[in-house]
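*Asks:* File name upload_4.txt; file contents compact mmCIF, C-alpha atoms and all ligand atoms; full text below.
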# COMPACT_ATOMS: atom_id res chain seq x y z
CA MET G 1 30.77 -0.56 -2.95
CA ALA G 2 28.89 -3.01 -0.71
CA LEU G 3 25.67 -4.99 -0.80
CA ASN G 4 22.74 -3.44 1.03
CA ARG G 5 21.70 -6.32 3.28
CA SER G 6 18.60 -4.79 4.77
CA LEU G 7 15.19 -6.00 3.60
CA ARG G 8 13.61 -2.54 3.85
CA ASN G 9 14.44 0.57 1.84
CA ASP G 10 16.20 3.37 3.66
CA ASP G 11 16.26 7.02 2.63
CA ARG G 12 19.08 6.44 0.09
CA HIS G 13 18.86 2.77 -0.97
CA TYR G 14 16.37 0.17 -2.14
CA GLY G 15 16.20 -2.85 0.22
CA LEU G 16 16.39 -6.48 -0.89
CA ILE G 17 12.60 -7.01 -1.05
CA ALA G 18 11.97 -4.05 -3.39
CA VAL G 19 14.96 -5.11 -5.53
CA ALA G 20 13.85 -8.77 -5.76
CA ILE G 21 10.27 -7.81 -6.68
CA HIS G 22 11.48 -5.23 -9.25
CA TRP G 23 13.65 -7.72 -11.16
CA LEU G 24 11.30 -10.70 -10.86
CA MET G 25 8.43 -8.64 -12.28
CA ALA G 26 10.60 -7.02 -14.98
CA LEU G 27 11.78 -10.42 -16.27
CA ALA G 28 8.30 -11.95 -16.10
CA ILE G 29 6.63 -9.01 -17.88
CA ILE G 30 9.26 -8.88 -20.64
CA GLY G 31 8.86 -12.66 -21.17
CA MET G 32 5.05 -12.45 -21.18
CA TYR G 33 4.97 -10.07 -24.15
CA PRO G 34 6.30 -12.48 -26.85
CA LEU G 35 4.35 -15.31 -25.18
CA GLY G 36 1.13 -13.28 -25.68
CA LEU G 37 1.96 -12.55 -29.33
CA TYR G 38 2.67 -16.25 -29.84
CA ILE G 39 -0.81 -17.12 -28.47
CA ASP G 40 -2.28 -14.93 -31.20
CA SER G 41 -0.54 -17.02 -33.88
CA LEU G 42 -1.91 -20.37 -32.60
CA THR G 43 -4.91 -22.17 -34.07
CA TYR G 44 -7.30 -24.47 -32.26
CA TYR G 45 -5.53 -27.53 -33.75
CA ASP G 46 -2.01 -26.64 -32.53
CA PRO G 47 -1.03 -28.77 -29.51
CA GLU G 48 0.32 -25.56 -27.87
CA TYR G 49 -3.18 -24.11 -27.94
CA ARG G 50 -3.88 -26.12 -24.80
CA THR G 51 -0.65 -25.26 -22.93
CA VAL G 52 0.71 -21.82 -23.83
CA PRO G 53 -2.42 -19.76 -23.01
CA HIS G 54 -2.63 -21.70 -19.72
CA TRP G 55 0.97 -20.65 -18.85
CA HIS G 56 0.37 -17.06 -19.97
CA LYS G 57 -2.74 -16.74 -17.80
CA SER G 58 -1.21 -18.58 -14.82
CA ILE G 59 2.01 -16.53 -14.82
CA GLY G 60 -0.09 -13.39 -15.38
CA MET G 61 -2.22 -14.04 -12.29
CA LEU G 62 0.94 -14.59 -10.21
CA ILE G 63 2.33 -11.27 -11.54
CA LEU G 64 -0.95 -9.57 -10.57
CA ALA G 65 -0.67 -10.99 -7.03
CA LEU G 66 2.95 -9.80 -6.85
CA LEU G 67 1.93 -6.32 -8.02
CA LEU G 68 -0.58 -6.11 -5.14
CA VAL G 69 2.11 -7.25 -2.66
CA ARG G 70 4.47 -4.66 -4.19
CA LEU G 71 1.97 -1.83 -3.78
CA VAL G 72 1.31 -2.75 -0.14
CA TRP G 73 5.06 -3.07 0.54
CA ARG G 74 5.68 0.31 -1.10
CA ALA G 75 2.94 1.96 0.99
CA LEU G 76 4.52 0.60 4.21
CA ASN G 77 8.08 1.21 3.10
CA PRO G 78 8.60 4.39 1.04
CA SER G 79 11.08 4.45 -1.86
CA PRO G 80 14.44 6.16 -1.28
CA ALA G 81 14.71 9.87 -2.03
CA ALA G 82 16.06 10.83 -5.47
CA PRO G 83 19.86 10.91 -5.78
CA ALA G 84 21.29 14.25 -4.67
CA GLY G 85 22.25 15.40 -8.18
CA HIS G 86 18.67 15.11 -9.55
CA GLY G 87 17.00 18.50 -10.02
CA ALA G 88 13.32 19.37 -9.51
CA TRP G 89 12.24 18.60 -13.12
CA LEU G 90 13.98 15.25 -13.17
CA ARG G 91 12.41 14.30 -9.81
CA LEU G 92 8.98 15.16 -11.19
CA ALA G 93 9.61 13.23 -14.43
CA THR G 94 10.76 10.19 -12.40
CA LYS G 95 7.62 10.32 -10.22
CA VAL G 96 5.32 10.60 -13.26
CA GLY G 97 7.24 7.87 -15.12
CA HIS G 98 7.08 5.41 -12.20
CA ALA G 99 3.37 6.17 -11.63
CA ALA G 100 2.72 5.48 -15.35
CA LEU G 101 4.57 2.14 -15.10
CA TYR G 102 2.45 1.10 -12.09
CA LEU G 103 -0.78 2.17 -13.81
CA LEU G 104 0.11 0.37 -17.06
CA MET G 105 1.02 -2.80 -15.14
CA LEU G 106 -2.32 -2.71 -13.34
CA VAL G 107 -4.47 -2.06 -16.44
CA ALA G 108 -2.51 -4.60 -18.55
CA LEU G 109 -2.98 -7.33 -15.93
CA VAL G 110 -6.63 -6.57 -15.12
CA SER G 111 -7.54 -6.41 -18.83
CA GLY G 112 -5.91 -9.87 -19.28
CA TYR G 113 -8.07 -11.16 -16.44
CA MET G 114 -11.14 -9.59 -18.09
CA ILE G 115 -10.46 -11.28 -21.47
CA SER G 116 -10.08 -14.66 -19.82
CA THR G 117 -13.11 -14.41 -17.52
CA ALA G 118 -15.48 -12.73 -20.04
CA ASP G 119 -17.27 -16.07 -20.58
CA GLY G 120 -17.73 -16.58 -16.83
CA ALA G 121 -15.04 -19.31 -16.53
CA PRO G 122 -12.59 -19.07 -13.62
CA ILE G 123 -8.80 -18.93 -14.27
CA ASP G 124 -7.01 -22.09 -13.28
CA VAL G 125 -3.50 -21.14 -12.10
CA PHE G 126 -1.12 -24.04 -12.93
CA ASN G 127 -3.77 -26.54 -11.72
CA TRP G 128 -2.86 -25.21 -8.26
CA PHE G 129 -5.75 -22.88 -7.38
CA SER G 130 -8.40 -21.10 -9.37
CA VAL G 131 -9.38 -17.45 -9.48
CA PRO G 132 -13.13 -16.97 -9.86
CA ALA G 133 -14.67 -14.86 -12.64
CA LEU G 134 -16.50 -11.63 -11.77
CA PRO G 135 -19.72 -10.85 -13.68
CA ALA G 136 -18.91 -9.25 -17.08
CA LEU G 137 -18.82 -5.44 -16.87
CA VAL G 138 -19.28 -4.43 -20.51
CA GLU G 139 -20.82 -5.90 -23.65
CA ASN G 140 -18.35 -7.75 -25.90
CA GLN G 141 -15.99 -7.81 -22.95
CA GLU G 142 -13.60 -10.28 -24.59
CA ASP G 143 -12.98 -7.94 -27.58
CA VAL G 144 -12.92 -4.69 -25.61
CA ALA G 145 -10.55 -6.11 -22.98
CA GLY G 146 -8.47 -7.71 -25.80
CA ASP G 147 -7.89 -4.29 -27.42
CA ILE G 148 -7.05 -2.69 -24.08
CA HIS G 149 -4.71 -5.60 -23.29
CA TYR G 150 -2.82 -5.25 -26.56
CA TRP G 151 -2.34 -1.48 -26.27
CA THR G 152 -1.49 -1.36 -22.57
CA THR G 153 1.00 -4.25 -22.74
CA THR G 154 2.65 -2.60 -25.78
CA ALA G 155 2.77 0.80 -24.03
CA LEU G 156 4.19 -0.93 -20.93
CA ILE G 157 7.05 -2.51 -22.91
CA VAL G 158 7.83 0.83 -24.66
CA MET G 159 7.76 2.72 -21.34
CA ALA G 160 9.97 0.08 -19.70
CA GLY G 161 12.44 0.44 -22.59
CA LEU G 162 12.61 4.23 -22.10
CA HIS G 163 12.90 3.68 -18.34
CA ALA G 164 15.84 1.29 -18.86
CA LEU G 165 17.54 3.78 -21.24
CA ALA G 166 17.14 6.53 -18.64
CA ALA G 167 18.71 4.24 -16.00
CA LEU G 168 21.66 3.45 -18.32
CA LYS G 169 22.15 7.17 -19.06
CA HIS G 170 22.39 7.89 -15.31
CA HIS G 171 24.91 5.11 -14.89
CA TYR G 172 27.22 5.66 -17.87
CA LEU G 173 26.87 9.38 -18.61
CA ASP G 174 25.94 11.02 -15.30
CA ARG G 175 27.74 8.32 -13.27
CA ASP G 176 25.32 8.55 -10.35
CA GLU G 177 23.94 5.74 -8.13
CA THR G 178 20.50 5.43 -9.82
CA LEU G 179 21.20 2.03 -11.40
CA THR G 180 23.39 0.48 -8.68
CA ARG G 181 20.81 1.04 -5.98
CA ILE G 182 18.15 -1.03 -7.80
CA PHE G 183 20.70 -3.87 -7.55
CA ALA G 184 20.95 -3.24 -3.77
CA ILE G 185 24.54 -2.02 -4.16
CA LYS G 186 25.61 0.86 -1.92
CA GLN G 187 28.13 3.29 -3.35
CA GLU G 188 29.48 4.82 -0.17
CA THR G 189 31.57 7.30 -2.10
CA LEU G 190 28.62 9.01 -3.81
C1 LIG G 201 9.06 -4.42 -17.57
C2 LIG G 201 10.18 -3.93 -17.06
C3 LIG G 201 10.25 -2.93 -15.91
C4 LIG G 201 9.27 -2.37 -15.15
C5 LIG G 201 7.75 -2.60 -15.25
C6 LIG G 201 9.92 -1.48 -14.19
C7 LIG G 201 9.24 -0.71 -13.23
C8 LIG G 201 9.85 0.08 -12.28
C9 LIG G 201 9.16 0.86 -11.27
C10 LIG G 201 7.64 0.93 -11.12
C11 LIG G 201 10.09 1.48 -10.50
C12 LIG G 201 9.84 2.41 -9.32
C13 LIG G 201 10.12 1.71 -8.03
C14 LIG G 201 9.59 2.52 -6.86
O1 LIG G 201 8.40 2.39 -6.54
O2 LIG G 201 10.38 3.29 -6.28
C15 LIG G 201 11.39 1.10 -11.03
C16 LIG G 201 12.61 1.54 -10.54
C17 LIG G 201 13.81 1.38 -11.20
N1 LIG G 201 14.02 0.61 -12.35
FE1 LIG G 201 12.67 -0.45 -13.35
N2 LIG G 201 11.27 -1.52 -14.39
C18 LIG G 201 11.52 -2.39 -15.43
C19 LIG G 201 12.75 -2.72 -15.97
C20 LIG G 201 13.93 -2.06 -15.66
C21 LIG G 201 15.20 -2.24 -16.35
C22 LIG G 201 15.41 -3.19 -17.54
C23 LIG G 201 16.10 -1.39 -15.74
C24 LIG G 201 17.57 -1.12 -16.03
C25 LIG G 201 18.24 -1.41 -17.11
C26 LIG G 201 15.41 -0.73 -14.67
C27 LIG G 201 15.98 0.19 -13.81
C28 LIG G 201 15.35 0.77 -12.73
C29 LIG G 201 16.02 1.67 -11.80
C30 LIG G 201 17.47 2.12 -11.87
C31 LIG G 201 15.05 2.05 -10.84
C32 LIG G 201 15.25 2.97 -9.62
C33 LIG G 201 14.93 4.36 -10.07
C34 LIG G 201 15.11 5.37 -8.94
O3 LIG G 201 15.87 5.14 -8.02
O4 LIG G 201 14.46 6.42 -9.02
N3 LIG G 201 14.09 -1.15 -14.65
N4 LIG G 201 11.21 0.25 -12.12
C1 LIG G 202 2.02 -7.88 -17.80
C2 LIG G 202 1.70 -9.09 -18.13
C3 LIG G 202 1.18 -9.44 -19.51
C4 LIG G 202 1.72 -9.16 -20.73
C5 LIG G 202 3.00 -8.37 -21.03
C6 LIG G 202 0.81 -9.71 -21.73
C7 LIG G 202 1.01 -9.61 -23.10
C8 LIG G 202 0.13 -10.09 -24.04
C9 LIG G 202 0.25 -9.87 -25.47
C10 LIG G 202 1.33 -9.02 -26.16
C11 LIG G 202 -0.77 -10.51 -26.07
C12 LIG G 202 -1.08 -10.58 -27.58
C13 LIG G 202 -1.90 -9.40 -27.99
C14 LIG G 202 -3.36 -9.57 -27.72
O1 LIG G 202 -3.98 -10.40 -28.40
O2 LIG G 202 -3.92 -8.85 -26.87
C15 LIG G 202 -1.55 -11.16 -25.03
C16 LIG G 202 -2.68 -11.96 -25.26
C17 LIG G 202 -3.43 -12.52 -24.26
N1 LIG G 202 -3.25 -12.37 -22.90
FE1 LIG G 202 -1.75 -11.36 -22.00
N2 LIG G 202 -0.24 -10.34 -21.10
C18 LIG G 202 -0.07 -10.18 -19.74
C19 LIG G 202 -0.91 -10.65 -18.73
C20 LIG G 202 -2.06 -11.40 -18.94
C21 LIG G 202 -2.95 -11.90 -17.90
C22 LIG G 202 -2.83 -11.61 -16.40
C23 LIG G 202 -3.92 -12.63 -18.51
C24 LIG G 202 -5.10 -13.38 -17.93
C25 LIG G 202 -5.12 -13.90 -16.74
C26 LIG G 202 -3.66 -12.58 -19.95
C27 LIG G 202 -4.44 -13.19 -20.91
C28 LIG G 202 -4.24 -13.08 -22.26
C29 LIG G 202 -5.10 -13.73 -23.24
C30 LIG G 202 -6.32 -14.62 -22.94
C31 LIG G 202 -4.58 -13.37 -24.50
C32 LIG G 202 -5.12 -13.78 -25.88
C33 LIG G 202 -6.03 -12.68 -26.32
C34 LIG G 202 -6.59 -12.85 -27.71
O3 LIG G 202 -6.17 -13.75 -28.44
O4 LIG G 202 -7.43 -11.99 -28.02
N3 LIG G 202 -2.52 -11.82 -20.17
N4 LIG G 202 -0.98 -10.89 -23.80
Rewrite the coordinates I just gave you, this time as structure tokens.

*Replies:*
Amino acid sequence: MALNRSLRNDDRHYGLIAVAIHWLMALAIIGMYPLGLYIDSLTYYDPEYRTVPHWHKSIGMLILALLLVRLVWRALNPSPAAPAGHGAWLRLATKVGHAALYLLMLVALVSGYMISTADGAPIDVFNWFSVPALPALVENQEDVAGDIHYWTTTALIVMAGLHALAALKHHYLDRDETLTRIFAIKQETL
């Protein structure tokens, strides 16, 4: 076992950039879910009403930027091929599962942006820079985007849970390199 030191993926291993982005986004998204539910429980008079939604929106816009970087990086630097022991059905299921995770991330993040900008106000990211609002696309945009946001973020967390279980199954039951390679560890023996 050795650390894969290259920044780019190769045909059998994820490189350090894909690994860093995967884990940074996974942690941020998992943390954002309870933060969002907490926002729902706040009233106008809670002191957190002025801070927590600001953090949720600011972190969310940084995650959206990272998703765009990730998609560009992935287009320039294809993911490694499936481990040798994975059959045709499993390869297809993996492709569909990963595509669903990307789509859910995108819709969850864009719907969050659409709730926040429905009234035409820009999003102020940690008092650092602001992201302008686009003209509203649908009537009642705040409510429509709010429903979409709730369901897509919930589906994203459920999918990510299944995805993590699948990774653990490969590691502990099938004993293949699926999980180690998303930690940039090379298993030369496999
Ligand atoms: C919100 C949480 C997560 C999201 C959104 C997510 C998303 C993704 C996506 C989109 C890929 C495909 C990467 C590519 O383009 O090739 C991927 C790969 C992977 N993820 Fe996650 N992930 C999350 C959490 C986790 C967790 C908790 C684990 C393990 C316990 C995990 C294990 C893996 C593994 C092993 C791969 C590589 C799969 C392969 O080689 O085919 N992920 N993840
Ligand atoms: C993947 C990242 C995100 C996750 C997991 C997430 C999760 C959640 C959850 C679970 C809720 C509570 C349910 C709801 O009321 O809809 C929520 C609320 C909210 N989120 Fe997010 N969110 C994310 C990204 C964003 C982004 C990027 C923005 C805006 C820039 C945003 C803005 C909001 C707002 C304004 C609310 C309150 C909505 C309301 O009270 O109706 N979220 N979020």

*Asks:* I'd like to know which of G:Gly87, G:Tyr38, G:Asp174, G:Ala184 is closest to G:Arg8, using all atoms listed in the file.

*Replies:*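 Of G:Gly87, G:Tyr38, G:Asp174, G:Ala184, the one nearest G:Arg8, counting all atoms listed in the file, is G:Ala184.
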
*Asks:* By how many Å are atom O1 of ligand LIG 201 (chain G) and atom CA of G:Ser79 apart?

*Replies:* 5.8 Å

*Asks:* Give one line per residue of chain G that approaches ligand LIG 202 (chain G) to at most 9 Å, naming the two atoms of the closest pair and their distance in Å to one decimal, counting all atoms listed in the file; sort by chain then ascending residue number and deliver it as a tab-separated table.

*Replies:*
residue	atom	partner	partner_atom	distance
G:Met25	CA	G:LIG202	C1	8.5
G:Ala28	CA	G:LIG202	C2	7.5
G:Ile29	CA	G:LIG202	C1	4.7
G:Ile30	CA	G:LIG202	C5	6.3
G:Gly31	CA	G:LIG202	C5	7.3
G:Met32	CA	G:LIG202	C5	4.6
G:Tyr33	CA	G:LIG202	C5	4.1
G:Pro34	CA	G:LIG202	C10	6.1
G:Leu35	CA	G:LIG202	C8	6.8
G:Gly36	CA	G:LIG202	C11	3.4
G:Leu37	CA	G:LIG202	C12	4.0
G:Tyr38	CA	G:LIG202	C12	7.2
G:Ile39	CA	G:LIG202	C32	6.0
G:Asp40	CA	G:LIG202	O3	4.9
G:Ser41	CA	G:LIG202	O3	8.5
G:Leu42	CA	G:LIG202	O3	8.9
G:Pro53	CA	G:LIG202	C30	6.5
G:His54	CA	G:LIG202	C30	8.6
G:His56	CA	G:LIG202	N3	6.0
G:Lys57	CA	G:LIG202	C25	3.9
G:Ser58	CA	G:LIG202	C25	6.4
G:Ile59	CA	G:LIG202	C22	7.1
G:Gly60	CA	G:LIG202	C22	3.4
G:Met61	CA	G:LIG202	C22	4.8
G:Leu62	CA	G:LIG202	C22	7.8
G:Ile63	CA	G:LIG202	C2	7.0
G:Leu64	CA	G:LIG202	C22	6.5
G:Leu104	CA	G:LIG202	C1	8.5
G:Met105	CA	G:LIG202	C1	5.8
G:Leu106	CA	G:LIG202	C1	8.1
G:Val107	CA	G:LIG202	C1	8.8
G:Ala108	CA	G:LIG202	C1	5.6
G:Leu109	CA	G:LIG202	C22	4.3
G:Val110	CA	G:LIG202	C22	6.4
G:Ser111	CA	G:LIG202	C23	7.2
G:Gly112	CA	G:LIG202	C23	3.5
G:Tyr113	CA	G:LIG202	C24	4.0
G:Met114	CA	G:LIG202	C24	7.1
G:Ile115	CA	G:LIG202	C30	5.5
G:Ser116	CA	G:LIG202	C30	4.9
G:Thr117	CA	G:LIG202	C25	8.0
G:Ile123	CA	G:LIG202	C25	6.7
G:Val125	CA	G:LIG202	C25	8.8
G:Glu142	CA	G:LIG202	O4	7.3
G:Asp143	CA	G:LIG202	O4	6.9
G:Ala145	CA	G:LIG202	O2	8.2
G:Gly146	CA	G:LIG202	O2	4.8
G:Asp147	CA	G:LIG202	O2	6.1
G:Ile148	CA	G:LIG202	O2	7.5
G:His149	CA	G:LIG202	O2	4.9
G:Tyr150	CA	G:LIG202	O2	3.8
G:Trp151	CA	G:LIG202	O2	7.6
G:Thr152	CA	G:LIG202	C5	8.5
G:Thr153	CA	G:LIG202	C5	4.9
G:Thr154	CA	G:LIG202	C10	6.6
G:Leu156	CA	G:LIG202	C5	7.5
G:Ile157	CA	G:LIG202	C5	7.4

*Asks:* Between G:Ala2, G:Leu76, G:Ala166, G:Leu68, which has the minimum distance to G:Ile21 (counting only C-alpha atoms)?

*Replies:*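 With only C-alpha atoms as the atom set, the closest residue is G:Leu68.
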
*Asks:* Quick one: distance from atom CA of G:Val144 to atom N4 of ligand LIG 201 (chain G) in Å, one decimal?

*Replies:*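 Rounded to one decimal, the two atoms are 28.1 Å apart.
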
*Asks:* Write out as lines of an AutoDock Vina configuration file an axis-aligned box for stretch 182-186 of chain G: all of its atoms listed in the file, 3 Å added on each side, centre and edge lengths in Å with one decimal.

*Replies:*
center_x = 21.9
center_y = -1.5
center_z = -4.9
size_x = 13.5
size_y = 10.7
size_z = 11.9

*Asks:* Identify which of the residues G:His86, G:Arg50, G:Arg5, G:His22 lies closest to ligand LIG 201 (chain G), counting all atoms listed in the file when measuring atom-to-atom distances.

*Replies:* G:His22

*Asks:* Can you pull out every residue within 12 Å of stretch 91-96 of chain G, counting only C-alpha atoms, but drop anything in the same chain fewer than 6 positions away, and send it as a count of residues only?

*Replies:* 15

*Asks:* Could you check which of G:Leu90, G:Ala100, G:Leu173, G:Ala160 is closest to ligand LIG 201 (chain G), using all atoms listed in the file?

*Replies:*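 Once distances to ligand LIG 201 (chain G) are computed over all atoms listed in the file, the minimum belongs to G:Ala160.
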
*Asks:* Quick one: distance from atom CA of G:Val131 to atom CA of G:Trp73 in Å, one decimal?

*Replies:*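 Pair atom CA of G:Val131 / atom CA of G:Trp73 returns 22.7 Å.
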
*Asks:* Measuring atom to atom with all atoms listed in the file, identify which of G:Asp46, G:Glu139, G:Asp119, G:Asp11 is nearest to ligand LIG 201 (chain G).

*Replies:*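 Closest to ligand LIG 201 (chain G), using all atoms listed in the file: G:Asp11.
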
*Asks:* Out of G:Pro47, G:Asp124, G:Pro78, G:Val72, which residue has the shortest atom-to-atom distance to G:Asp10 when counting only C-alpha atoms?

*Replies:* G:Pro78

*Asks:* Within 9 Å of G:Arg181, counting only C-alpha atoms, which residues qualify if same-chain residues fewer than 3 places away don't, as an MDAnalysis selection string?

*Replies:* chainID G and resid 4 12:15 19 177:178 184:187
